[in-house]
Number of protein chains: 2
Amino acid sequence: MKTNNLYLITDVENYTPHIGRLVSMMNYVRWSTLDEVEDLNVQHLDYLHDAHSNSIGGLLMHIAAVEASYQESTLGLNSFKGPHSEELRIALDLAKQARTRIKRHGVDHYLRILAAVRSKTLHEFASRDDRWLDEQTPFWDGRPANNYFKWFHVFEDELNHRGQIRWLKLRRKFTFSPITASTCSPSASC
Amino acid sequence: MKTNNLYLITDVENYTPHIGRLVSMMNYVRWSTLDEVEDLNVQHLDYLHDAHSNSIGGLLMHIAAVEASYQESTLGLNSFKGPHSEELRIALDLAKQARTRIKRHGVDHYLRILAAVRSKTLHEFASRDDRWLDEQTPFWDGRPANNYFKWFHVFEDELNHRGQIRWLKLRRKFTFSPITASTCSPSASC
């Protein structure tokens, strides 16, 4: 992804002023998530710290799923159709099913899905304006939320899980010895 | 804290438009952090999951310390003076010293410090405007960052650690039996 202006929350070409700042924040958050995971192999991505823990792979799929879910509710997209819809649906709530079924993928699998979902968001944002960002509907507990809050929530949830990814990633250093290509199964991209 | 408009990222009285939205986001993030920790006792706040883990208390002090640090660098305040300066300084980098020295406090201790630091930020923001938010200086790796990014970083770091607090908080359910007042030491607020 482009990392020009990575540390500037500012106007972004093709977007209205407040959407541009939202996009700036989402860009930085995504860059920082990818920066944590790009060097991880399948064993790292599937690592479950304990019976209640999510894997890093599961968290990455969840991040994509939350974004897809807000595409449906705020942008009118049908984002749970297509080749990865089942994985996205499972990852939306990080329950046991996500722990047992989202695994054995190399990092590229997650990165491709994250990028595909994000690409649709950015495309849709370009045809909206700051008045759309201000539009409100009843939300959690029936209290009003505007579209800015809903998309802020998409990235604040990602940051929450990035914190957990960092925590888990540090533990793999104590748990695993370095993985080399020869220890990877032929079907997995390590 | 006030929770009116908790789910609206919008104009906030006394602040310019972009600062108002930044304040909206910081308010929600802080509310969500406090919501996680308000019921925790000293044993929960001091819990160290392993030799490399930070305690929830340490993370809360770190959140206050990061904000204090950006008050110094962007608002010209001298935020590491006063009764809690030593704790804040130790918590700024979450190293071994933070793990061993920040403990035996009830949650009110952390909440008071977080509120005191935040109060100064909000006071200072009221006398700045969106042009100040756009001001740039060389930052990480010498690349330019504006004040909006620096304060976005303050709350994105808090969210990162809130994710870790949630993870740790869930583990205390498996680790501790419920604590009652009678099991607390007289010096600790449980």
# chains A, B, ... in the order shown; residues from 1 in each chain; ligands from 1
>>> interface_residues(of="chain B", to="chain A", cutoff="6 Å", atoms="only C-alpha atoms", output="mmCIF file with all heavy atoms, in the first residue's frame")
data_model
loop_
_atom_site.group_PDB
_atom_site.id
_atom_site.type_symbol
_atom_site.label_atom_id
_atom_site.label_comp_id
_atom_site.auth_asym_id
_atom_site.auth_seq_id
_atom_site.Cartn_x
_atom_site.Cartn_y
_atom_site.Cartn_z
ATOM 1 N N TYR B 7 -21.730 8.046 20.464
ATOM 2 C CA TYR B 7 -21.571 7.393 19.153
ATOM 3 C C TYR B 7 -21.682 8.388 18.006
ATOM 4 O O TYR B 7 -22.117 8.043 16.899
ATOM 5 C CB TYR B 7 -22.622 6.290 18.979
ATOM 6 C CG TYR B 7 -22.701 5.312 20.124
ATOM 7 C CD1 TYR B 7 -23.929 4.781 20.526
ATOM 8 C CD2 TYR B 7 -21.560 4.892 20.807
ATOM 9 C CE1 TYR B 7 -24.011 3.865 21.575
ATOM 10 C CE2 TYR B 7 -21.633 3.992 21.861
ATOM 11 C CZ TYR B 7 -22.868 3.487 22.236
ATOM 12 O OH TYR B 7 -22.954 2.585 23.272
ATOM 13 N N LEU B 8 -21.330 9.642 18.292
ATOM 14 C CA LEU B 8 -21.312 10.652 17.227
ATOM 15 C C LEU B 8 -19.917 11.255 17.145
ATOM 16 O O LEU B 8 -19.400 11.777 18.137
ATOM 17 C CB LEU B 8 -22.332 11.766 17.506
ATOM 18 C CG LEU B 8 -23.811 11.353 17.593
ATOM 19 C CD1 LEU B 8 -24.676 12.564 17.969
ATOM 20 C CD2 LEU B 8 -24.298 10.730 16.291
ATOM 21 N N ILE B 9 -19.304 11.152 15.977
ATOM 22 C CA ILE B 9 -18.035 11.855 15.742
ATOM 23 C C ILE B 9 -18.446 13.122 15.002
ATOM 24 O O ILE B 9 -18.780 13.076 13.812
ATOM 25 C CB ILE B 9 -17.048 11.000 14.900
ATOM 26 C CG1 ILE B 9 -16.898 9.594 15.480
ATOM 27 C CG2 ILE B 9 -15.689 11.711 14.790
ATOM 28 C CD1 ILE B 9 -16.408 9.509 16.887
ATOM 29 N N ALA B 145 4.988 14.609 10.377
ATOM 30 C CA ALA B 145 3.714 14.271 11.015
ATOM 31 C C ALA B 145 3.059 15.568 11.443
ATOM 32 O O ALA B 145 3.727 16.503 11.881
ATOM 33 C CB ALA B 145 3.950 13.392 12.240
ATOM 34 N N ASN B 146 1.751 15.650 11.311
ATOM 35 C CA ASN B 146 1.056 16.833 11.821
ATOM 36 C C ASN B 146 0.484 16.553 13.211
ATOM 37 O O ASN B 146 0.496 15.408 13.694
ATOM 38 C CB ASN B 146 0.002 17.352 10.824
ATOM 39 C CG ASN B 146 -1.089 16.332 10.485
ATOM 40 O OD1 ASN B 146 -1.220 15.301 11.141
ATOM 41 N ND2 ASN B 146 -1.857 16.630 9.449
ATOM 42 N N TYR B 148 -2.499 16.524 14.180
ATOM 43 C CA TYR B 148 -3.646 15.608 14.136
ATOM 44 C C TYR B 148 -3.123 14.172 14.244
ATOM 45 O O TYR B 148 -3.632 13.364 15.024
ATOM 46 C CB TYR B 148 -4.441 15.814 12.839
ATOM 47 C CG TYR B 148 -5.883 15.323 12.918
ATOM 48 C CD1 TYR B 148 -6.896 15.968 12.196
ATOM 49 C CD2 TYR B 148 -6.255 14.227 13.700
ATOM 50 C CE1 TYR B 148 -8.217 15.537 12.261
ATOM 51 C CE2 TYR B 148 -7.586 13.790 13.765
ATOM 52 C CZ TYR B 148 -8.548 14.446 13.047
ATOM 53 O OH TYR B 148 -9.856 14.024 13.108
ATOM 54 N N PHE B 149 -2.104 13.854 13.468
ATOM 55 C CA PHE B 149 -1.564 12.486 13.548
ATOM 56 C C PHE B 149 -1.050 12.177 14.950
ATOM 57 O O PHE B 149 -1.282 11.091 15.485
ATOM 58 C CB PHE B 149 -0.429 12.261 12.536
ATOM 59 C CG PHE B 149 0.123 10.855 12.655
ATOM 60 C CD1 PHE B 149 -0.485 9.800 11.991
ATOM 61 C CD2 PHE B 149 1.211 10.578 13.483
ATOM 62 C CE1 PHE B 149 -0.030 8.497 12.147
ATOM 63 C CE2 PHE B 149 1.669 9.275 13.645
ATOM 64 C CZ PHE B 149 1.047 8.231 12.972
ATOM 65 N N LEU B 159 -6.073 2.369 22.181
ATOM 66 C CA LEU B 159 -6.916 1.277 21.673
ATOM 67 C C LEU B 159 -6.141 -0.022 21.561
ATOM 68 O O LEU B 159 -6.653 -1.106 21.859
ATOM 69 C CB LEU B 159 -7.480 1.664 20.300
ATOM 70 C CG LEU B 159 -8.587 2.715 20.328
ATOM 71 C CD1 LEU B 159 -8.783 3.330 18.946
ATOM 72 C CD2 LEU B 159 -9.891 2.102 20.828
ATOM 73 N N ASN B 160 -4.913 0.085 21.103
ATOM 74 C CA ASN B 160 -4.026 -1.075 21.027
ATOM 75 C C ASN B 160 -3.925 -1.741 22.406
ATOM 76 O O ASN B 160 -4.101 -2.958 22.559
ATOM 77 C CB ASN B 160 -2.658 -0.550 20.569
ATOM 78 C CG ASN B 160 -1.605 -1.609 20.387
ATOM 79 O OD1 ASN B 160 -1.499 -2.213 19.344
ATOM 80 N ND2 ASN B 160 -0.800 -1.838 21.424
ATOM 81 N N HIS B 161 -3.724 -0.935 23.429
ATOM 82 C CA HIS B 161 -3.591 -1.485 24.789
ATOM 83 C C HIS B 161 -4.942 -1.870 25.374
ATOM 84 O O HIS B 161 -5.002 -2.783 26.199
ATOM 85 C CB HIS B 161 -2.845 -0.498 25.680
ATOM 86 C CG HIS B 161 -1.426 -0.303 25.246
ATOM 87 N ND1 HIS B 161 -0.539 -1.354 25.129
ATOM 88 C CD2 HIS B 161 -0.740 0.800 24.868
ATOM 89 C CE1 HIS B 161 0.632 -0.904 24.706
ATOM 90 N NE2 HIS B 161 0.539 0.407 24.526
ATOM 91 N N GLY B 163 -7.143 -3.386 23.717
ATOM 92 C CA GLY B 163 -7.278 -4.762 23.222
ATOM 93 C C GLY B 163 -6.543 -5.741 24.124
ATOM 94 O O GLY B 163 -7.027 -6.844 24.408
ATOM 95 N N GLN B 164 -5.369 -5.331 24.592
ATOM 96 C CA GLN B 164 -4.588 -6.201 25.495
ATOM 97 C C GLN B 164 -5.254 -6.280 26.865
ATOM 98 O O GLN B 164 -5.275 -7.345 27.488
ATOM 99 C CB GLN B 164 -3.156 -5.670 25.584
ATOM 100 C CG GLN B 164 -2.447 -5.765 24.237
ATOM 101 C CD GLN B 164 -1.162 -4.967 24.144
ATOM 102 O OE1 GLN B 164 -0.887 -4.112 24.985
ATOM 103 N NE2 GLN B 164 -0.375 -5.237 23.115
#
>>> residues_around(residues="stretch 114-123 of chain B", least_positions_apart="6", cutoff="7 Å", atoms="only C-alpha atoms", output="PyMOL selection string")
chain B and resi 64+68+71
>>> residues_around(residues="A:Leu88", least_positions_apart="4", cutoff="10 Å", atoms="only C-alpha atoms", output="list in words")
Gly58, Met61, His62, Ile63, Ala64, Ala65, Val66, Glu67, Ala68, Ser69, Ser79, Phe80, Lys81, Pro83, His84, Leu92, Asp93, Ala98, Ile102 and Ile113 of chain A
>>> atom_distance(atom1="atom CA of B:Asn41", atom2="atom CA of A:Ala95")
27.5 Å
>>> select_by_dssp(residues="chain A", states="strand (DSSP E or B)", output="ChimeraX atom specification")
/A:136-138,144-146
>>> decode(residues="stretch 25-174 of chain B", atoms="C-alpha atoms", output="CSV table (one decimal), in the first residue's frame")
chain,number,residue,atom,x,y,z
B,25,MET,CA,-13.0,10.0,19.1
B,26,MET,CA,-10.8,10.5,22.2
B,27,ASN,CA,-13.9,10.6,24.4
B,28,TYR,CA,-15.2,7.3,23.0
B,29,VAL,CA,-11.9,5.6,23.3
B,30,ARG,CA,-11.5,6.7,26.9
B,31,TRP,CA,-15.0,5.7,27.8
B,32,SER,CA,-14.4,2.2,26.4
B,33,THR,CA,-11.1,1.9,28.3
B,34,LEU,CA,-12.7,2.9,31.6
B,35,ASP,CA,-15.7,0.6,30.9
B,36,GLU,CA,-13.2,-2.3,30.9
B,37,VAL,CA,-11.4,-1.6,34.1
B,38,GLU,CA,-13.8,0.1,36.5
B,39,ASP,CA,-14.8,-3.1,38.2
B,40,LEU,CA,-11.2,-4.5,38.6
B,41,ASN,CA,-9.6,-4.9,42.0
B,42,VAL,CA,-5.9,-4.7,42.9
B,43,GLN,CA,-5.2,-8.4,42.2
B,44,HIS,CA,-6.7,-8.0,38.7
B,45,LEU,CA,-4.8,-4.8,38.0
B,46,ASP,CA,-1.5,-6.3,39.1
B,47,TYR,CA,-1.9,-9.6,37.4
B,48,LEU,CA,1.1,-10.5,35.2
B,49,HIS,CA,0.3,-13.2,32.7
B,50,ASP,CA,3.9,-14.2,32.1
B,51,ALA,CA,7.4,-12.8,32.6
B,52,HIS,CA,7.0,-10.6,29.5
B,53,SER,CA,3.5,-9.4,30.1
B,54,ASN,CA,2.4,-6.0,31.4
B,55,SER,CA,-0.2,-5.7,34.1
B,56,ILE,CA,-3.5,-3.9,33.4
B,57,GLY,CA,-2.5,-1.3,35.9
B,58,GLY,CA,0.8,-0.8,34.1
B,59,LEU,CA,-1.1,-0.4,30.8
B,60,LEU,CA,-3.4,2.2,32.3
B,61,MET,CA,-0.4,4.2,33.6
B,62,HIS,CA,1.2,3.9,30.2
B,63,ILE,CA,-1.9,5.3,28.5
B,64,ALA,CA,-1.7,8.4,30.8
B,65,ALA,CA,2.1,8.6,30.2
B,66,VAL,CA,1.8,8.6,26.4
B,67,GLU,CA,-0.8,11.4,26.6
B,68,ALA,CA,1.5,13.4,29.0
B,69,SER,CA,4.4,12.9,26.6
B,70,TYR,CA,2.4,14.4,23.7
B,71,GLN,CA,1.3,17.3,25.9
B,72,GLU,CA,5.0,18.1,26.3
B,73,SER,CA,5.9,17.7,22.6
B,74,THR,CA,2.9,19.4,21.0
B,75,LEU,CA,1.2,21.6,23.7
B,76,GLY,CA,4.3,22.9,25.5
B,77,LEU,CA,3.2,21.6,28.9
B,78,ASN,CA,5.6,20.2,31.5
B,79,SER,CA,3.6,17.1,32.2
B,80,PHE,CA,6.2,15.0,34.0
B,81,LYS,CA,6.3,17.2,37.1
B,82,GLY,CA,4.1,16.7,40.1
B,83,PRO,CA,3.1,13.9,42.5
B,84,HIS,CA,2.9,11.1,39.9
B,85,SER,CA,5.7,12.1,37.6
B,86,GLU,CA,7.9,9.1,38.6
B,87,GLU,CA,5.1,6.6,37.9
B,88,LEU,CA,4.4,8.3,34.5
B,89,ARG,CA,8.0,8.3,33.5
B,90,ILE,CA,8.4,4.6,34.4
B,91,ALA,CA,5.2,3.7,32.5
B,92,LEU,CA,6.2,5.5,29.3
B,93,ASP,CA,8.2,2.5,28.1
B,94,LEU,CA,6.5,-0.7,29.3
B,95,ALA,CA,9.8,-2.3,30.4
B,96,LYS,CA,10.6,-4.5,33.4
B,97,GLN,CA,10.7,-1.4,35.7
B,98,ALA,CA,7.0,-0.8,34.9
B,99,ARG,CA,6.1,-4.4,35.7
B,100,THR,CA,7.9,-4.4,39.0
B,101,ARG,CA,7.1,-0.9,40.3
B,102,ILE,CA,3.6,0.0,39.2
B,103,LYS,CA,1.4,-2.1,41.5
B,104,ARG,CA,-0.6,-2.3,44.7
B,105,HIS,CA,-3.0,0.5,43.6
B,106,GLY,CA,-6.8,0.4,43.4
B,107,VAL,CA,-8.4,1.4,40.1
B,108,ASP,CA,-9.2,4.8,41.5
B,109,HIS,CA,-5.5,5.7,41.5
B,110,TYR,CA,-5.2,5.1,37.8
B,111,LEU,CA,-8.6,6.8,37.0
B,112,ARG,CA,-7.6,9.9,38.9
B,113,ILE,CA,-4.3,10.2,37.0
B,114,LEU,CA,-5.9,9.5,33.6
B,115,ALA,CA,-8.6,12.1,34.3
B,116,ALA,CA,-6.0,14.7,35.5
B,117,VAL,CA,-3.9,14.3,32.3
B,118,ARG,CA,-6.9,14.3,30.0
B,119,SER,CA,-8.4,17.4,31.6
B,120,LYS,CA,-5.2,19.4,30.7
B,121,THR,CA,-5.4,18.2,27.1
B,122,LEU,CA,-9.0,19.2,26.6
B,123,HIS,CA,-8.3,22.6,28.2
B,124,GLU,CA,-5.4,23.2,25.8
B,125,PHE,CA,-7.3,22.0,22.7
B,126,ALA,CA,-9.9,24.7,23.4
B,127,SER,CA,-7.4,27.4,22.7
B,128,ARG,CA,-6.1,25.8,19.5
B,129,ASP,CA,-7.7,25.6,16.0
B,130,ASP,CA,-7.6,23.4,12.9
B,131,ARG,CA,-4.6,25.2,11.5
B,132,TRP,CA,-2.7,24.0,14.6
B,133,LEU,CA,-3.9,20.5,13.9
B,134,ASP,CA,-2.3,20.7,10.5
B,135,GLU,CA,1.1,21.9,11.7
B,136,GLN,CA,3.9,19.5,10.8
B,137,THR,CA,7.3,18.6,12.2
B,138,PRO,CA,9.7,15.8,11.4
B,139,PHE,CA,8.6,12.7,13.2
B,140,TRP,CA,9.4,9.0,13.1
B,141,ASP,CA,12.2,8.3,10.7
B,142,GLY,CA,12.3,12.0,10.0
B,143,ARG,CA,9.1,11.8,8.1
B,144,PRO,CA,6.6,14.7,8.6
B,145,ALA,CA,3.7,14.3,11.0
B,146,ASN,CA,1.1,16.8,11.8
B,147,ASN,CA,-0.5,17.5,15.2
B,148,TYR,CA,-3.6,15.6,14.1
B,149,PHE,CA,-1.6,12.5,13.5
B,150,LYS,CA,0.2,12.9,16.9
B,151,TRP,CA,-3.0,13.0,18.8
B,152,PHE,CA,-4.5,10.3,16.7
B,153,HIS,CA,-1.5,8.2,17.7
B,154,VAL,CA,-2.3,9.0,21.4
B,155,PHE,CA,-5.7,7.4,21.1
B,156,GLU,CA,-4.7,4.6,18.6
B,157,ASP,CA,-2.0,3.5,21.1
B,158,GLU,CA,-4.7,3.5,23.9
B,159,LEU,CA,-6.9,1.3,21.7
B,160,ASN,CA,-4.0,-1.1,21.0
B,161,HIS,CA,-3.6,-1.5,24.8
B,162,ARG,CA,-7.3,-1.6,25.4
B,163,GLY,CA,-7.3,-4.8,23.2
B,164,GLN,CA,-4.6,-6.2,25.5
B,165,ILE,CA,-6.5,-5.2,28.6
B,166,ARG,CA,-9.6,-7.0,27.3
B,167,TRP,CA,-7.5,-10.1,26.6
B,168,LEU,CA,-5.9,-10.0,30.1
B,169,LYS,CA,-9.2,-9.3,31.7
B,170,LEU,CA,-10.7,-12.4,30.2
B,171,ARG,CA,-7.8,-14.5,31.5
B,172,ARG,CA,-8.3,-13.3,35.1
B,173,LYS,CA,-11.7,-15.1,35.0
B,174,PHE,CA,-9.9,-18.3,34.5
